[in-house]
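Below is upload09.cif, which holds mmCIF, C-alpha atoms and all ligand atoms.
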```
data_entry
#
loop_
_atom_site.label_atom_id
_atom_site.label_comp_id
_atom_site.auth_asym_id
_atom_site.auth_seq_id
_atom_site.Cartn_x
_atom_site.Cartn_y
_atom_site.Cartn_z
CA MET A 59 -15.09 14.75 -32.71
CA THR A 60 -14.12 17.78 -30.58
CA THR A 61 -11.19 19.97 -31.67
CA GLU A 62 -9.25 18.92 -28.57
CA LEU A 63 -9.65 15.23 -29.39
CA GLY A 64 -8.74 15.96 -33.03
CA LYS A 65 -5.45 17.46 -31.84
CA VAL A 66 -4.73 14.40 -29.68
CA VAL A 67 -5.45 12.11 -32.63
CA ASP A 68 -2.99 14.08 -34.80
CA LYS A 69 -0.33 13.88 -32.10
CA VAL A 70 -0.77 10.14 -31.66
CA ARG A 71 -0.58 9.54 -35.41
CA SER A 72 2.62 11.60 -35.69
CA LYS A 73 4.05 9.76 -32.64
CA GLU A 74 4.23 12.94 -30.58
CA ARG A 75 4.20 12.61 -26.79
CA LEU A 76 0.88 13.44 -25.09
CA SER A 77 0.76 16.15 -22.42
CA PHE A 78 -1.10 16.29 -19.09
CA ASP A 79 -3.90 18.24 -20.81
CA ASP A 80 -4.13 15.62 -23.57
CA GLY A 81 -4.54 12.94 -20.88
CA MET A 82 -7.39 14.98 -19.38
CA THR A 83 -9.01 15.40 -22.80
CA LEU A 84 -8.97 11.62 -23.22
CA PHE A 85 -10.49 10.97 -19.78
CA LEU A 86 -13.22 13.60 -20.35
CA GLU A 87 -14.09 12.69 -23.94
CA PRO A 88 -17.61 11.20 -24.10
CA ASP A 89 -16.90 9.19 -27.28
CA LEU A 90 -15.45 6.07 -25.67
CA LEU A 91 -15.23 4.22 -28.97
CA ALA A 92 -13.12 6.97 -30.56
CA ILE A 93 -10.60 6.69 -27.72
CA GLY A 94 -10.68 2.91 -27.86
CA ALA A 95 -10.07 2.91 -31.62
CA LEU A 96 -7.10 5.25 -31.19
CA ALA A 97 -5.59 3.10 -28.44
CA ASN A 98 -6.21 0.01 -30.58
CA GLU A 99 -4.36 1.67 -33.45
CA VAL A 100 -1.32 2.24 -31.23
CA CYS A 101 -1.52 -1.27 -29.83
CA GLU A 102 -1.62 -2.81 -33.31
CA ARG A 103 1.28 -0.58 -34.41
CA LEU A 104 3.31 -2.08 -31.55
CA HIS A 105 2.16 -5.68 -31.47
CA GLY A 106 0.10 -6.45 -34.57
CA ASP A 107 -2.60 -8.95 -33.65
CA ARG A 108 -0.65 -10.58 -30.84
CA VAL A 109 -2.00 -10.84 -27.31
CA TYR A 110 0.25 -12.24 -24.61
CA PHE A 111 -0.50 -14.45 -21.61
CA ASN A 112 1.38 -16.86 -19.40
CA ARG A 113 1.07 -19.86 -17.11
CA ASN A 114 1.41 -18.33 -13.69
CA MET A 115 0.34 -19.00 -10.14
CA ARG A 116 -0.33 -16.66 -7.24
CA ILE A 117 0.71 -17.29 -3.67
CA GLU A 118 0.20 -15.05 -0.67
CA VAL A 119 2.36 -16.58 2.04
CA THR A 120 1.11 -14.20 4.71
CA ASN A 121 -1.73 -11.71 5.07
CA VAL A 122 -0.40 -10.29 8.35
CA CYS A 123 0.31 -6.63 7.63
CA VAL A 124 1.32 -3.61 9.69
CA ALA A 125 -0.05 -1.20 7.09
CA SER A 126 -3.68 -0.11 7.14
CA CYS A 127 -4.59 0.69 3.52
CA LEU A 128 -8.16 1.88 3.18
CA PHE A 129 -8.82 -0.28 0.08
CA CYS A 130 -7.48 -3.55 1.44
CA SER A 131 -9.78 -6.45 2.38
CA PHE A 132 -6.96 -8.97 2.60
CA ALA A 133 -4.63 -7.84 5.39
CA LYS A 134 -4.88 -8.73 9.09
CA LEU A 135 -3.14 -6.43 11.53
CA GLU A 136 -2.03 -9.07 14.04
CA ALA A 137 -0.66 -12.60 13.57
CA HIS A 138 -3.35 -13.91 15.99
CA SER A 139 -6.29 -11.98 14.46
CA PRO A 140 -9.12 -14.22 13.16
CA GLY A 141 -8.37 -15.11 9.52
CA ALA A 142 -4.66 -14.28 9.78
CA HIS A 143 -2.41 -16.83 8.14
CA THR A 144 1.28 -17.32 7.51
CA MET A 145 2.46 -20.37 5.59
CA SER A 146 5.38 -22.44 6.71
CA LEU A 147 8.05 -22.72 4.00
CA GLU A 148 7.01 -26.33 3.40
CA GLU A 149 3.36 -25.28 2.94
CA ALA A 150 4.37 -22.62 0.43
CA TRP A 151 6.63 -24.96 -1.58
CA ARG A 152 3.88 -27.59 -1.57
CA GLU A 153 1.72 -25.20 -3.65
CA LEU A 154 4.20 -25.69 -6.49
CA GLU A 155 4.96 -29.36 -5.84
CA VAL A 156 1.29 -30.31 -6.30
CA ARG A 157 1.25 -28.55 -9.68
CA MET A 158 4.38 -30.07 -11.15
CA ASP A 159 2.42 -32.20 -13.68
CA ASP A 160 1.28 -28.93 -15.35
CA PRO A 161 3.74 -26.43 -13.88
CA PRO A 162 3.56 -22.63 -14.04
CA SER A 163 6.40 -20.71 -15.69
CA GLU A 164 6.00 -17.87 -13.16
CA ILE A 165 5.23 -17.62 -9.45
CA HIS A 166 3.80 -14.26 -8.41
CA ILE A 167 3.99 -13.64 -4.65
CA VAL A 168 2.42 -10.66 -2.87
CA ASN A 169 2.27 -10.55 0.92
CA GLY A 170 1.32 -8.41 3.85
CA LEU A 171 4.08 -6.52 5.68
CA HIS A 172 4.70 -9.07 8.45
CA PRO A 173 6.77 -7.69 11.35
CA GLY A 174 7.61 -11.06 12.91
CA LEU A 175 9.39 -13.08 10.21
CA PRO A 176 13.18 -13.18 9.78
CA PHE A 177 14.59 -11.98 6.46
CA SER A 178 16.05 -15.48 5.96
CA TYR A 179 12.43 -16.74 5.60
CA TYR A 180 12.06 -14.86 2.28
CA GLU A 181 15.48 -15.96 1.02
CA ALA A 182 14.71 -19.60 1.85
CA LEU A 183 11.26 -19.25 0.27
CA LEU A 184 12.72 -18.20 -3.10
CA ALA A 185 15.57 -20.72 -3.00
CA GLY A 186 13.14 -23.54 -2.23
CA PHE A 187 10.93 -22.79 -5.25
CA LYS A 188 14.02 -22.73 -7.49
CA ARG A 189 15.12 -26.11 -6.08
CA ILE A 190 11.78 -27.60 -7.09
CA LYS A 191 11.74 -25.96 -10.55
CA PRO A 192 15.03 -24.23 -11.44
CA ASP A 193 13.62 -22.39 -14.48
CA VAL A 194 10.52 -20.99 -12.76
CA VAL A 195 10.51 -17.16 -12.81
CA MET A 196 10.02 -15.68 -9.35
CA LYS A 197 8.07 -12.38 -9.65
CA CYS A 198 7.81 -11.61 -5.97
CA PHE A 199 7.33 -8.84 -3.40
CA THR A 200 5.98 -5.44 -4.37
CA ALA A 201 8.20 -2.37 -4.08
CA VAL A 202 6.23 -1.62 -0.90
CA GLU A 203 7.38 -4.95 0.59
CA ILE A 204 10.98 -4.33 -0.51
CA HIS A 205 10.86 -0.91 1.18
CA PHE A 206 9.41 -2.48 4.33
CA PHE A 207 12.21 -5.10 4.35
CA ALA A 208 14.81 -2.32 4.04
CA GLU A 209 13.39 -0.41 7.02
CA HIS A 210 12.56 -3.43 9.14
CA TYR A 211 15.81 -5.37 8.65
CA GLN A 212 17.92 -2.19 8.42
CA MET A 213 19.35 -2.58 4.96
CA SER A 214 19.40 -0.34 1.90
CA HIS A 215 16.94 -1.03 -0.93
CA GLN A 216 19.89 -2.23 -3.01
CA GLU A 217 21.08 -4.68 -0.32
CA VAL A 218 17.58 -6.15 0.03
CA LEU A 219 17.22 -6.58 -3.72
CA LEU A 220 20.69 -8.06 -4.15
CA ARG A 221 20.18 -10.61 -1.36
CA LEU A 222 16.79 -11.63 -2.76
CA GLN A 223 18.20 -11.75 -6.28
CA ARG A 224 20.94 -14.12 -5.08
CA ALA A 225 18.23 -16.30 -3.53
CA GLY A 226 16.27 -16.48 -6.79
CA LEU A 227 14.27 -13.26 -7.28
CA ASP A 228 13.84 -12.48 -10.99
CA SER A 229 11.30 -9.66 -11.17
CA LEU A 230 9.01 -7.44 -9.08
CA PRO A 231 5.23 -7.35 -9.54
CA GLY A 232 3.62 -3.95 -9.91
CA GLY A 233 1.48 -3.91 -6.76
CA GLY A 234 1.64 -1.15 -4.17
CA ALA A 235 1.63 1.78 -6.61
CA GLU A 236 -2.04 2.65 -5.87
CA ILE A 237 -2.20 6.38 -6.70
CA PHE A 238 1.09 8.25 -6.45
CA HIS A 239 -0.30 11.73 -5.85
CA PRO A 240 0.09 12.66 -2.14
CA GLU A 241 -3.47 14.09 -1.94
CA VAL A 242 -4.79 10.55 -2.45
CA ARG A 243 -1.93 8.40 -1.17
CA SER A 244 -1.98 10.11 2.23
CA ARG A 245 -5.67 9.19 2.58
CA ILE A 246 -5.72 5.61 1.26
CA SER A 247 -2.29 4.29 2.27
CA HIS A 248 -0.52 6.68 4.60
CA ASP A 249 1.66 4.17 6.43
CA LYS A 250 3.62 2.42 3.71
CA ALA A 251 6.18 3.38 1.03
CA THR A 252 5.62 6.80 -0.51
CA ALA A 253 5.41 7.24 -4.29
CA GLU A 254 9.07 8.32 -4.35
CA GLN A 255 10.14 5.25 -2.35
CA TYR A 256 8.06 2.92 -4.56
CA LEU A 257 9.63 4.39 -7.71
CA GLU A 258 13.13 4.33 -6.18
CA VAL A 259 12.84 0.58 -5.49
CA HIS A 260 11.89 -0.02 -9.14
CA ARG A 261 14.71 2.27 -10.30
CA ILE A 262 17.25 0.18 -8.35
CA ALA A 263 15.70 -3.13 -9.48
CA HIS A 264 16.02 -1.95 -13.10
CA ARG A 265 19.65 -0.99 -12.51
CA LEU A 266 20.27 -4.49 -11.15
CA GLY A 267 19.01 -5.88 -14.44
CA MET A 268 15.46 -6.82 -13.43
CA ARG A 269 12.43 -5.95 -15.54
CA THR A 270 9.40 -5.17 -13.42
CA ASN A 271 5.73 -4.24 -13.73
CA THR A 272 3.82 -1.29 -12.37
CA THR A 273 0.15 -0.59 -11.61
CA MET A 274 -2.48 2.04 -10.77
CA LEU A 275 -5.43 1.41 -8.48
CA TYR A 276 -8.31 3.45 -9.93
CA GLY A 277 -12.00 4.05 -9.34
CA HIS A 278 -12.10 5.11 -5.67
CA ILE A 279 -11.51 8.67 -4.35
CA GLU A 280 -9.03 9.82 -6.99
CA THR A 281 -9.79 12.31 -9.78
CA PHE A 282 -8.81 12.06 -13.45
CA GLU A 283 -6.05 14.60 -12.70
CA HIS A 284 -4.56 12.15 -10.18
CA ARG A 285 -4.67 9.36 -12.76
CA VAL A 286 -2.92 11.44 -15.43
CA ASP A 287 -0.31 12.53 -12.87
CA HIS A 288 0.23 8.86 -11.99
CA LEU A 289 0.71 7.87 -15.64
CA GLN A 290 3.17 10.71 -16.14
CA ARG A 291 5.29 9.58 -13.16
CA VAL A 292 5.45 6.06 -14.60
CA ARG A 293 6.44 7.48 -17.98
CA GLU A 294 9.21 9.61 -16.43
CA LEU A 295 10.87 6.68 -14.69
CA GLN A 296 10.52 4.57 -17.82
CA ASP A 297 12.33 7.27 -19.84
CA GLU A 298 15.19 6.91 -17.38
CA THR A 299 15.45 3.12 -16.96
CA HIS A 300 13.36 1.37 -19.65
CA GLY A 301 12.79 -1.32 -17.02
CA PHE A 302 8.99 -1.60 -16.92
CA ALA A 303 7.68 -4.49 -18.98
CA ALA A 304 3.97 -3.86 -18.42
CA PHE A 305 1.53 -1.38 -16.88
CA ILE A 306 -1.59 -2.75 -15.21
CA PRO A 307 -4.57 -0.55 -14.32
CA LEU A 308 -6.27 -2.22 -11.33
CA ALA A 309 -10.00 -1.64 -10.88
CA PHE A 310 -10.96 -0.92 -7.26
CA HIS A 311 -13.17 -3.53 -5.56
CA PRO A 312 -15.13 -2.20 -2.57
CA ASP A 313 -16.25 -5.26 -0.54
CA GLY A 314 -15.04 -5.57 3.03
CA ASN A 315 -12.68 -2.59 3.15
CA GLY A 316 -12.53 1.00 4.39
CA MET A 317 -14.07 2.37 1.18
CA LYS A 318 -17.00 -0.06 0.97
CA HIS A 319 -19.43 2.86 0.62
CA LEU A 320 -17.98 3.60 -2.85
CA PRO A 321 -19.26 1.93 -6.01
CA ALA A 322 -16.82 -0.13 -8.09
CA PRO A 323 -15.74 1.40 -11.42
CA THR A 324 -18.01 0.66 -14.38
CA ALA A 325 -17.09 -1.19 -17.57
CA VAL A 326 -16.80 2.14 -19.41
CA ASP A 327 -14.27 3.38 -16.86
CA ASP A 328 -12.30 0.10 -17.11
CA LEU A 329 -12.09 0.36 -20.91
CA ARG A 330 -11.37 4.09 -20.93
CA THR A 331 -8.58 3.66 -18.37
CA LEU A 332 -6.96 0.90 -20.43
CA ALA A 333 -7.14 3.07 -23.55
CA VAL A 334 -5.79 6.24 -21.91
CA SER A 335 -2.96 4.22 -20.34
CA ARG A 336 -2.01 2.87 -23.78
CA LEU A 337 -2.02 6.36 -25.26
CA MET A 338 -0.14 8.14 -22.46
CA LEU A 339 2.50 5.46 -21.83
CA ASP A 340 4.27 5.69 -25.18
CA ASN A 341 7.40 4.08 -23.72
CA VAL A 342 5.87 1.02 -22.01
CA ALA A 343 5.51 -2.00 -24.29
CA HIS A 344 2.45 -3.66 -22.77
CA ILE A 345 -0.79 -2.59 -21.11
CA LYS A 346 -2.33 -5.51 -19.28
CA ALA A 347 -6.08 -6.14 -19.03
CA TYR A 348 -5.98 -8.01 -15.71
CA TRP A 349 -8.97 -10.33 -15.99
CA VAL A 350 -9.28 -10.85 -12.22
CA SER A 351 -9.81 -7.17 -11.57
CA MET A 352 -12.04 -6.36 -14.57
CA THR A 353 -13.66 -9.80 -15.16
CA PRO A 354 -12.68 -12.04 -18.09
CA LYS A 355 -15.45 -10.51 -20.25
CA ILE A 356 -14.34 -6.87 -19.87
CA ALA A 357 -10.68 -7.88 -20.17
CA GLN A 358 -11.52 -9.59 -23.46
CA VAL A 359 -13.10 -6.39 -24.82
CA GLY A 360 -10.05 -4.57 -23.45
CA LEU A 361 -8.00 -6.41 -26.06
CA ARG A 362 -9.60 -4.00 -28.54
CA PHE A 363 -9.01 -0.96 -26.29
CA GLY A 364 -5.21 -0.94 -26.15
CA ALA A 365 -4.36 -4.01 -24.06
CA SER A 366 -1.82 -6.48 -25.45
CA ASP A 367 -1.71 -8.79 -22.43
CA ILE A 368 -4.37 -10.54 -20.37
CA ASP A 369 -2.16 -11.90 -17.52
CA GLY A 370 -2.27 -15.67 -17.03
CA THR A 371 -3.92 -18.76 -15.64
CA ILE A 372 -3.22 -17.45 -12.09
CA VAL A 373 -4.67 -20.37 -10.06
CA HIS A 374 -6.09 -19.25 -6.78
CA GLU A 375 -6.08 -15.45 -6.52
CA THR A 376 -7.02 -14.15 -3.04
CA ILE A 377 -6.55 -10.35 -2.76
CA TYR A 378 -9.37 -9.47 -5.18
CA HIS A 379 -11.59 -12.28 -3.99
CA ALA A 380 -11.36 -10.93 -0.45
CA ALA A 381 -12.64 -7.63 -1.89
CA GLY A 382 -15.62 -9.20 -3.65
CA SER A 383 -14.32 -10.04 -7.14
CA SER A 384 -16.82 -12.21 -8.99
CA SER A 385 -14.14 -13.46 -11.43
CA PRO A 386 -13.07 -17.11 -11.18
CA GLN A 387 -9.96 -17.82 -9.08
CA GLY A 388 -8.11 -19.17 -12.09
CA LEU A 389 -8.67 -19.67 -15.83
CA ARG A 390 -7.67 -22.78 -17.75
CA TYR A 391 -5.07 -22.37 -20.45
CA ASP A 392 -7.60 -23.20 -23.17
CA GLU A 393 -10.09 -20.69 -21.72
CA LEU A 394 -7.51 -17.90 -22.09
CA VAL A 395 -6.75 -18.98 -25.65
CA ARG A 396 -10.47 -18.91 -26.45
CA LEU A 397 -10.96 -15.42 -24.97
CA ILE A 398 -8.11 -14.10 -27.09
CA ARG A 399 -9.10 -15.88 -30.30
CA GLU A 400 -12.70 -14.70 -30.07
CA ALA A 401 -11.38 -11.15 -29.92
CA ALA A 402 -9.80 -12.00 -33.30
CA ARG A 403 -6.33 -11.79 -31.81
CA VAL A 404 -3.44 -14.24 -31.97
CA PRO A 405 -2.68 -15.84 -28.59
CA VAL A 406 1.00 -15.87 -27.67
CA GLU A 407 2.09 -17.75 -24.58
CA ARG A 408 5.02 -15.84 -23.10
CA ASP A 409 7.34 -16.10 -20.15
CA THR A 410 7.59 -13.25 -17.61
CA HIS A 411 10.14 -11.46 -19.81
CA TYR A 412 7.91 -11.64 -22.91
CA ASN A 413 9.98 -14.34 -24.61
CA VAL A 414 7.63 -16.35 -26.81
CA VAL A 415 6.88 -19.86 -25.56
CA ARG A 416 4.16 -20.70 -28.08
CA GLU A 417 2.34 -18.72 -30.75
CA TRP A 418 -0.97 -19.67 -32.38
CA LEU A 419 -1.67 -19.26 -36.06
CA PRO A 420 -3.81 -16.25 -36.96
CA ASN A 421 -7.51 -16.93 -37.12
CA ALA A 422 -9.17 -15.99 -40.37
CA MET A 423 -12.41 -15.62 -38.43
CA PRO A 424 -13.22 -15.14 -34.77
CA GLU A 425 -13.64 -18.45 -32.91
CA ALA A 426 -17.42 -18.02 -32.51
CA ALA A 427 -17.81 -17.60 -36.27
CA LEU A 428 -15.70 -20.70 -36.87
CA LYS A 429 -18.01 -22.70 -34.60
CA VAL A 430 -21.12 -21.57 -36.49
CA ARG A 431 -19.41 -22.47 -39.79
CA ASP A 432 -18.45 -25.92 -38.44
CA ARG A 433 -21.96 -26.59 -37.16
CA LYS A 434 -23.43 -25.63 -40.54
CA ALA A 435 -20.94 -27.88 -42.36
CA ASP A 436 -21.80 -30.71 -39.98
CA ARG A 437 -25.57 -30.36 -40.70
CA HIS A 438 -24.85 -30.27 -44.41
CA LEU A 439 -22.88 -33.55 -44.21
CA ARG A 440 -25.67 -35.23 -42.24
CA VAL A 441 -28.20 -34.24 -44.90
CA LEU A 442 -25.96 -35.66 -47.61
CA SER A 443 -25.32 -39.02 -45.92
O1 LIG A 501 -1.09 -3.55 -4.58
C1 LIG A 501 -5.66 -4.49 -3.15
C2 LIG A 501 -4.50 -3.99 -5.35
C3 LIG A 501 -2.56 -5.02 -5.81
C4 LIG A 501 -7.70 -4.08 -3.68
O2 LIG A 501 2.71 -7.21 -11.69
C5 LIG A 501 -6.89 -3.92 -4.79
O3 LIG A 501 1.89 -8.52 -13.20
C6 LIG A 501 -8.70 -3.40 -6.04
O4 LIG A 501 -0.32 -5.71 -8.00
N1 LIG A 501 -9.54 -3.51 -5.00
C7 LIG A 501 -1.92 -6.41 -5.90
N2 LIG A 501 -7.37 -3.59 -5.98
C8 LIG A 501 -2.13 -7.03 -7.28
C9 LIG A 501 -1.07 -6.58 -8.27
C10 LIG A 501 -0.94 -7.23 -9.60
C11 LIG A 501 -2.01 -7.86 -10.17
C12 LIG A 501 -1.84 -8.47 -11.41
C13 LIG A 501 -0.62 -8.47 -12.05
C14 LIG A 501 0.45 -7.82 -11.47
C15 LIG A 501 1.77 -7.85 -12.15
C16 LIG A 501 0.29 -7.19 -10.23
O5 LIG A 501 -3.96 -5.20 -5.76
C17 LIG A 501 -2.30 -4.19 -4.61
C18 LIG A 501 -3.42 -3.19 -4.69
O6 LIG A 501 -3.09 -2.13 -5.52
N3 LIG A 501 -5.64 -4.18 -4.43
N4 LIG A 501 -6.93 -4.45 -2.66
C19 LIG A 501 -9.09 -3.83 -3.81
N5 LIG A 501 -9.94 -3.87 -2.77
#
```
Would it be possible to restate this file's structure as structure tokens?
Amino acid sequence: MTTELGKVVDKVRSKERLSFDDGMTLFLEPDLLAIGALANEVCERLHGDRVYFNRNMRIEVTNVCVASCLFCSFAKLEAHSPGAHTMSLEEAWRELEVRMDDPPSEIHIVNGLHPGLPFSYYEALLAGFKRIKPDVVMKCFTAVEIHFFAEHYQMSHQEVLLRLQRAGLDSLPGGGAEIFHPEVRSRISHDKATAEQYLEVHRIAHRLGMRTNTTMLYGHIETFEHRVDHLQRVRELQDETHGFAAFIPLAFHPDGNGMKHLPAPTAVDDLRTLAVSRLMLDNVAHIKAYWVSMTPKIAQVGLRFGASDIDGTIVHETIYHAAGSSSPQGLRYDELVRLIREAARVPVERDTHYNVVREWLPNAMPEAALKVRDRKADRHLRVLS
């Protein structure tokens, strides 16, 4: 272990805040397992063996978008472009109606920035979902969308959030953060909310009593310095508001977008980024290993690299699949439980606000080991009979 890493380990163990340079040490340290073990230590200090997930569904009501982000494979510039779609309210509500025999506890909506819809469309959209299932949690519209609504419909951020809250908005998803540093943001998403505007929307949402998530899109043109800067900006706002429930590092997918010449991040980068996020963000409760972006297999390993959440069932993700994700579009509830148990963790089904819905009993052995034991016992019985 290098002296620099030794110093970081001491700081983490004495619960001292890590500096920018410490973040760089962690990103540059070749011993991935040492960083993973340290992040795991912090994660277990916070959550024991518990790993959280939920029953959620994703809907993108429109992919029409006036912004031209370099990484995006989902948006269509014009409403009449080939592949552009905008759901009618009835079509959107139907997505929930058809799932009411096994309903989600959360609906996560992310859209393009559509210039041609009235604001009342979004209010009606939320109200309609709540009519169908009054206790469903609506985690909708990134801070970038909220900022777009404010500019487009000439309201303040607070007015937009209050009107949507009255219609049924409960929380904001973390999308749209990308990389905050202007050197990168100006190149990959120059025509949407700035870092300051993104953070201001979350600040106001927190003041209005909402808990929200935040993200970082990594593995494209940014440097490790940009990533550490990004984590520090999240940490600063969290010191002020304590409103972020989870941080989600999002692995860049290159298919079909303006950075298709770049390779996707490797598994080592995925795991290292989870671990460094856990270690730098000492004031954010959960780091999420988003299985869609890093595949279920890497996300599962991530549960030993600082992640305490694996997202949810999702059902029909489109943004990552447009960019070439090879992950399934949804995972069954029992598949998520299996992933978590085989990592020798205790699955906890949660709602959006991390209230416990159901908690499994701890496994004495990982699931795979249990299966081998059961098969052996079964053979033994057959021999005896
Ligand atoms: O903002 C878009 C990212 C985000 C690509 O809050 C891409 O619980 C990689 O924010 N390659 C939307 N990433 C998804 C998101 C999210 C996901 C899971 C959970 C939560 C939560 C939020 O996806 C976008 C953008 O940063 N994205 N295109 C791409 N080609």
Surrounding residues of Glu136 (chain A) excluding itself and chain neighbours under 6 positions, 8 Å, all atoms listed in the file, as a PyMOL selection string: chain A and resi 122-124+142
One-decimal distance in Å that lies between CA of Phe199 (chain A) and CA of Arg330 (chain A): 28.7 Å
Contacts of Val218 (chain A) at 7 Å (all atoms listed in the file; same-chain gap of 4+ positions) as a list in words: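 Here the qualifying residues turn out to be Ile204, Phe207, Ala208, Met213, Ser214 and Leu222 of chain A.
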Two-atom distance - CA of Glu87 (chain A), CA of Asp367 (chain A) (Å):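 Distance reported for this atom pair: 24.8 Å.
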Residues near Leu332 (chain A), cut-off 12 Å, all atoms listed in the file, skip fewer than 5 positions along chain, as a PyMOL selection string: chain A and resi 84-85+90+93-98+101+273-274+276+285+289+305-309+325-327+337-339+344-348+352+356-368
Residues within 10 Å of (-2.6, 12.5, -28.3), counting all atoms listed in the file, listed as a PyMOL selection string: chain A and resi 62-77+79-81+83-84+93+96-97+334+337-338
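Compared by their closest atoms to ligand LIG 501 (chain A), and using all atoms listed in the file, the residues A:Glu393, A:Glu148, A:Glu181, A:Glu375 rank with A:Glu375 nearest.
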Nearby polymer residues, ligand LIG 501 (chain A), at most 7 Å, all atoms listed in the file, as an MDAnalysis selection string: chainID A and resid 129:132 168 230:236 271:275 306 308:313 315 348 351 369 377:378 381
Which residue of A:Ile190, A:Val406, A:Met196, A:Val259 approaches Arg152 (chain A) most closely, using only C-alpha atoms: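 Of the candidates, the smallest distance to Arg152 (chain A) is held by A:Ile190.
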Between CA of Ile167 (chain A) and CA of Met115 (chain A), distance in Å (one decimal):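 Atom-to-atom, CA of Ile167 (chain A) and CA of Met115 (chain A) are spaced 8.5 Å apart.
With distances restricted to only C-alpha atoms, A:Ala303 is the closest residue to His411 (chain A) from A:Val342, A:Ala303, A:Val194, A:Val395.
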Among the residues A:Phe206, A:Phe302, A:Tyr412, A:Trp349, the one that comes closest to Gln387 (chain A) [using all atoms listed in the file]: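 Among the listed residues, the smallest separation from Gln387 (chain A) belongs to A:Trp349.
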Which residue of A:Thr60, A:Val415, A:Arg189, A:His239 approaches Thr252 (chain A) most closely, using all atoms listed in the file: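 Of A:Thr60, A:Val415, A:Arg189, A:His239, the one nearest Thr252 (chain A), counting all atoms listed in the file, is A:His239.
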Residue nearest Pro88 (chain A) - candidates A:Met59, A:Leu220, A:Ile246, A:Cys198, atoms counted: all atoms listed in the file: A:Met59
